[in-house]
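A.B. asks: First the structure, which I've put down as structure tokens, then a few questions once you've had a look.
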Amino acid sequence: MDLSTTYLGLKLPHPFMPGASPLVDKLDVVKRLEDAGAAAIVMHSLFEEQIAREEWATFRHTETHGESFAEALSYFPSPEKFALGPEEYLDHIRRVKSSVGVPVIASLNGTTLGGWLDYSRLMQEAGADALELNVYSLPSNPDETSQNVEDRTVEMLKAVKEAVKIPVAVKLSPFYTALSNFAQRLDEAGADGLVLFNRFYQPDIDPHELTVVRTLALSDSSELPLRLRWLAILAGRTRASLAVSGGVHTSMDAIKTVMAGAHAVQLVSALLQQGPELLVALRREVEEWMEEMEYRSLEQMQGSLGLRSAPDPTVYERANYMLILQSWREQNP
């Protein structure tokens, strides 16, 4: 059975890979992922704030009046909050690259235009085969328009594309006013791939302690339909390849994403819960299902139920909303 796929211009034996997460912080886990058949290794993100803090610290120690910036450092997360600082991150790319025979995809996470984007070039020099630009932006300023948010992201992508020769994917959230148009703009700006979707980690409130609490909930399959919908809508409409991130926990989840149009399937929560060996089971189960359904290749299945190919395209659009509500009333008079 031919499970091969092309993602970011990279020829891969199958679409399964770990998504950006702490899974790859340790080389022994990276080796386990490769041994389990990971098609590529996606590293966790290096954050704009980490780079900014290091640059402020360097400036403080090299300038006569550097202490005047000490307060500014307090606005950035402390270094011990991160497993790897900027230089350690680059060293880790080199170690991972020298330890595995599959492509290594670095990840750069930020929200503004600035010198931190230069790290994309350093990641390329460290050996990264591709780069994931993770734009984790939560526009809380009421004076900032959606147009400004999108324009800034496009300019960030252009800056990275000018700095590197390796493929660049943009990891997006689903919360854009006109996602199809924005995806098209990114495609035209040179994005080699789009990753759908980032997960915003929602804060909670402790009413007894009067504090805002950081929470982290792993994904489950219930998050998949949102991703299926947008994969299907974008499939065949962009030059950029498409990856799914979030909500894939079973082989059937994976099959659905490919039918919707995914070229790559990134897993994090499922691997954290079940370990790297899940990759072996997923690949075997997908092969068995495809053989049973008489598919010869993943390519034959890819995008077969996208918006352009679906027997009933309205299921992805507004008409489905009306029909679902009507069917519920008919079932529950």
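We label chains A, B, ... in the order they appear in the structure tokens, count residues from 1 in each chain, and number ligands from 1 in the order shown.
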Can you list, as number ranges by chain, every residue of stretch 64-309 of chain A that DSSP puts in strand (DSSP E)?
C.D. replies: A: 104-109, 130-134, 168-172, 193-196, 204-206, 211-213, 241-245, 264-267
A.B. asks: Got time to write the residues from that selection, C-alpha atoms, as a PDB file, in the first residue's frame?
C.D. replies:
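The resulting file, part37.pdb, is shown below:
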```pdb
ATOM      1  CA  VAL A 104      13.510  18.123  10.881  1.00  0.00           C
ATOM      2  CA  ILE A 105      11.009  21.007  10.970  1.00  0.00           C
ATOM      3  CA  ALA A 106      11.886  23.880  13.299  1.00  0.00           C
ATOM      4  CA  SER A 107       9.214  26.126  14.811  1.00  0.00           C
ATOM      5  CA  LEU A 108       9.324  29.867  15.413  1.00  0.00           C
ATOM      6  CA  ASN A 109       6.507  31.433  17.434  1.00  0.00           C
ATOM      7  CA  ALA A 130      11.762  23.325   6.932  1.00  0.00           C
ATOM      8  CA  LEU A 131      10.280  25.899   9.266  1.00  0.00           C
ATOM      9  CA  GLU A 132       6.891  26.288  10.882  1.00  0.00           C
ATOM     10  CA  LEU A 133       5.977  29.918  11.571  1.00  0.00           C
ATOM     11  CA  ASN A 134       3.518  29.751  14.441  1.00  0.00           C
ATOM     12  CA  VAL A 168       8.001  27.636   5.378  1.00  0.00           C
ATOM     13  CA  ALA A 169       4.595  26.643   6.758  1.00  0.00           C
ATOM     14  CA  VAL A 170       2.317  29.020   8.646  1.00  0.00           C
ATOM     15  CA  LYS A 171       0.434  27.608  11.621  1.00  0.00           C
ATOM     16  CA  LEU A 172      -2.903  29.387  11.996  1.00  0.00           C
ATOM     17  CA  GLY A 193       2.187  25.024   3.771  1.00  0.00           C
ATOM     18  CA  LEU A 194      -0.643  25.859   6.151  1.00  0.00           C
ATOM     19  CA  VAL A 195      -1.114  24.056   9.473  1.00  0.00           C
ATOM     20  CA  LEU A 196      -4.710  23.896  10.744  1.00  0.00           C
ATOM     21  CA  ASP A 204      -9.723  29.732  33.996  1.00  0.00           C
ATOM     22  CA  ILE A 205     -10.673  31.668  37.137  1.00  0.00           C
ATOM     23  CA  ASP A 206     -10.309  30.490  40.714  1.00  0.00           C
ATOM     24  CA  THR A 211      -6.674  34.399  40.650  1.00  0.00           C
ATOM     25  CA  VAL A 212      -6.589  33.653  36.948  1.00  0.00           C
ATOM     26  CA  VAL A 213      -5.384  30.091  36.438  1.00  0.00           C
ATOM     27  CA  SER A 241       0.206  21.954   1.167  1.00  0.00           C
ATOM     28  CA  LEU A 242      -2.068  21.405   4.165  1.00  0.00           C
ATOM     29  CA  ALA A 243      -1.383  19.828   7.535  1.00  0.00           C
ATOM     30  CA  VAL A 244      -3.833  19.058  10.311  1.00  0.00           C
ATOM     31  CA  SER A 245      -2.920  19.641  13.944  1.00  0.00           C
ATOM     32  CA  ALA A 264       0.394  15.777   6.684  1.00  0.00           C
ATOM     33  CA  VAL A 265      -1.091  14.641   9.982  1.00  0.00           C
ATOM     34  CA  GLN A 266       0.500  16.094  13.112  1.00  0.00           C
ATOM     35  CA  LEU A 267      -0.147  14.453  16.464  1.00  0.00           C
TER      36      LEU A 267
END
```
A.B. asks: Report the distance between atom CA of A:Arg284 and atom CA of A:Val29 in Å, rounded to one decimal place.
C.D. replies: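 That distance, rounded to one decimal, is 21.1 Å.
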A.B. asks: List every residue of stretch 106-293 of chain A that DSSP, applied to the backbone of this structure, assigns to helix (DSSP H, G or I), and report them as a PyMOL selection string.
C.D. replies: chain A and resi 115-126+146-163+179-188+221-234+251-260+269-274+278-292
A.B. asks: How many Å separate atom CA of A:Trp289 from atom CA of A:Leu10?
C.D. replies: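 Rounded to one decimal, the two atoms are 25.1 Å apart.
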A.B. asks: Please list as number ranges by chain every residue within 6 Å of stretch 83-94 of chain A, counting only C-alpha atoms and excluding residues in the same chain fewer than 2 positions away.
C.D. replies: A: 96-97, 126
A.B. asks: Create the file for the chosen residues now, containing N, CA and C atoms and written as a compact mmCIF listing (two decimals), in the first residue's frame.
C.D. replies:
```
# COMPACT_ATOMS: atom_id res chain seq x y z
N VAL A 96 19.46 16.92 16.91
CA VAL A 96 18.37 16.12 16.35
C VAL A 96 18.67 15.76 14.90
N LYS A 97 19.13 16.73 14.14
CA LYS A 97 19.42 16.50 12.73
C LYS A 97 20.49 15.43 12.55
N ALA A 126 21.42 25.80 11.13
CA ALA A 126 21.61 24.72 12.10
C ALA A 126 21.20 23.36 11.53
```
A.B. asks: Nearest to A:Asn198 among A:Met43, A:Met259, A:Ala254, A:Val135, with distances taken over only C-alpha atoms: which residue is it?
C.D. replies: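 When distances to A:Asn198 are compared using only C-alpha atoms, the smallest one comes from A:Val135.
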A.B. asks: May I have the residues within 7 Å of A:Val248 as number ranges by chain, using only C-alpha atoms and disregarding those fewer than 2 positions away in the same chain?
C.D. replies: A: 221, 224, 246, 250, 253-254, 267
A.B. asks: Only C-alpha atoms, please: the residues just picked out, written as a tab-separated table (two decimals), in the first residue's frame.
C.D. replies:
```tsv
chain	number	residue	atom	x	y	z
A	221	SER	CA	-11.45	13.75	18.61
A	224	LEU	CA	-11.57	17.37	14.60
A	246	GLY	CA	-5.29	18.88	16.81
A	250	THR	CA	-7.47	7.34	15.91
A	253	ASP	CA	-9.59	10.47	12.49
A	254	ALA	CA	-6.51	10.40	10.27
A	267	LEU	CA	-0.15	14.45	16.46
```
A.B. asks: Write out as a count of residues only the residues lying within 12 Å of A:Glu34, counting only C-alpha atoms and excluding same-chain residues fewer than 2 positions away.
C.D. replies: 30
A.B. asks: Looking at A:Val149, A:Ala240, A:Met252, A:Leu23, which one is nearest to A:Gly9, with distances taken over only C-alpha atoms?
C.D. replies: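 Checking each of A:Val149, A:Ala240, A:Met252, A:Leu23 against A:Gly9, counting only C-alpha atoms, the winner is A:Ala240.
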A.B. asks: Env of stretch 226-239 of chain A: 8 Å cut, atoms = only C-alpha atoms, seq-sep filter 6 positions within chain, self excluded. Answer as a PyMOL selection string.
C.D. replies: chain A and resi 180+183-184+187+192+196-197+246+256-257+260-262+303+305-308+316
A.B. asks: Using only C-alpha atoms, which of the listed residues (A:Ala128, A:Leu157, A:Val164, A:Leu117) sits closest to A:Leu186?
C.D. replies: A:Leu157
A.B. asks: Grab the atom CA of A:Thr145 to atom CA of A:Tyr176 distance for me, in Å with one decimal place.
C.D. replies: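 Computing it gives 11.3 Å between the two atoms.
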A.B. asks: Do a neighbour search on A:Glu155 at 12 Å with only C-alpha atoms, toss out local chain neighbours closer than 5 positions, and write the hits as a list in words.
C.D. replies: Thr111, Thr112, Leu113, Gly114, Leu117, Val135, Asn148, Val149, Glu150, Val160, Lys161, Glu162, Arg185, Leu186, Glu188, Ala189, Gly190 and Ala191 of chain A
A.B. asks: For the selection you just gave me, I'd like the residues written to a file as a PDB file, in the first residue's frame, keeping C-alpha atoms.
C.D. replies:
```pdb
ATOM      1  CA  THR A 111       3.350  37.945  16.715  1.00  0.00           C
ATOM      2  CA  THR A 112       5.329  41.003  15.586  1.00  0.00           C
ATOM      3  CA  LEU A 113       7.723  42.128  12.895  1.00  0.00           C
ATOM      4  CA  GLY A 114      11.247  42.392  14.253  1.00  0.00           C
ATOM      5  CA  LEU A 117      12.619  36.667  12.715  1.00  0.00           C
ATOM      6  CA  VAL A 135       1.559  33.005  14.637  1.00  0.00           C
ATOM      7  CA  ASN A 148      -3.848  44.961  10.682  1.00  0.00           C
ATOM      8  CA  VAL A 149      -3.569  41.489  12.196  1.00  0.00           C
ATOM      9  CA  GLU A 150      -3.574  39.789   8.802  1.00  0.00           C
ATOM     10  CA  VAL A 160      11.047  34.830   6.783  1.00  0.00           C
ATOM     11  CA  LYS A 161      10.801  33.777   3.139  1.00  0.00           C
ATOM     12  CA  GLU A 162      13.396  36.402   2.224  1.00  0.00           C
ATOM     13  CA  ARG A 185      -3.032  35.885   0.752  1.00  0.00           C
ATOM     14  CA  LEU A 186      -0.518  33.699   2.589  1.00  0.00           C
ATOM     15  CA  GLU A 188       0.378  34.323  -2.690  1.00  0.00           C
ATOM     16  CA  ALA A 189       3.018  35.595  -0.238  1.00  0.00           C
ATOM     17  CA  GLY A 190       4.921  32.331  -0.596  1.00  0.00           C
ATOM     18  CA  ALA A 191       3.696  30.022   2.164  1.00  0.00           C
TER      19      ALA A 191
END
```
A.B. asks: Could you check which of A:Arg152, A:Lys11, A:His208, A:Lys26 is closest to A:Phe182, using only C-alpha atoms?
C.D. replies: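 Between A:Arg152, A:Lys11, A:His208, A:Lys26, the residue approaching A:Phe182 most closely is A:Arg152.
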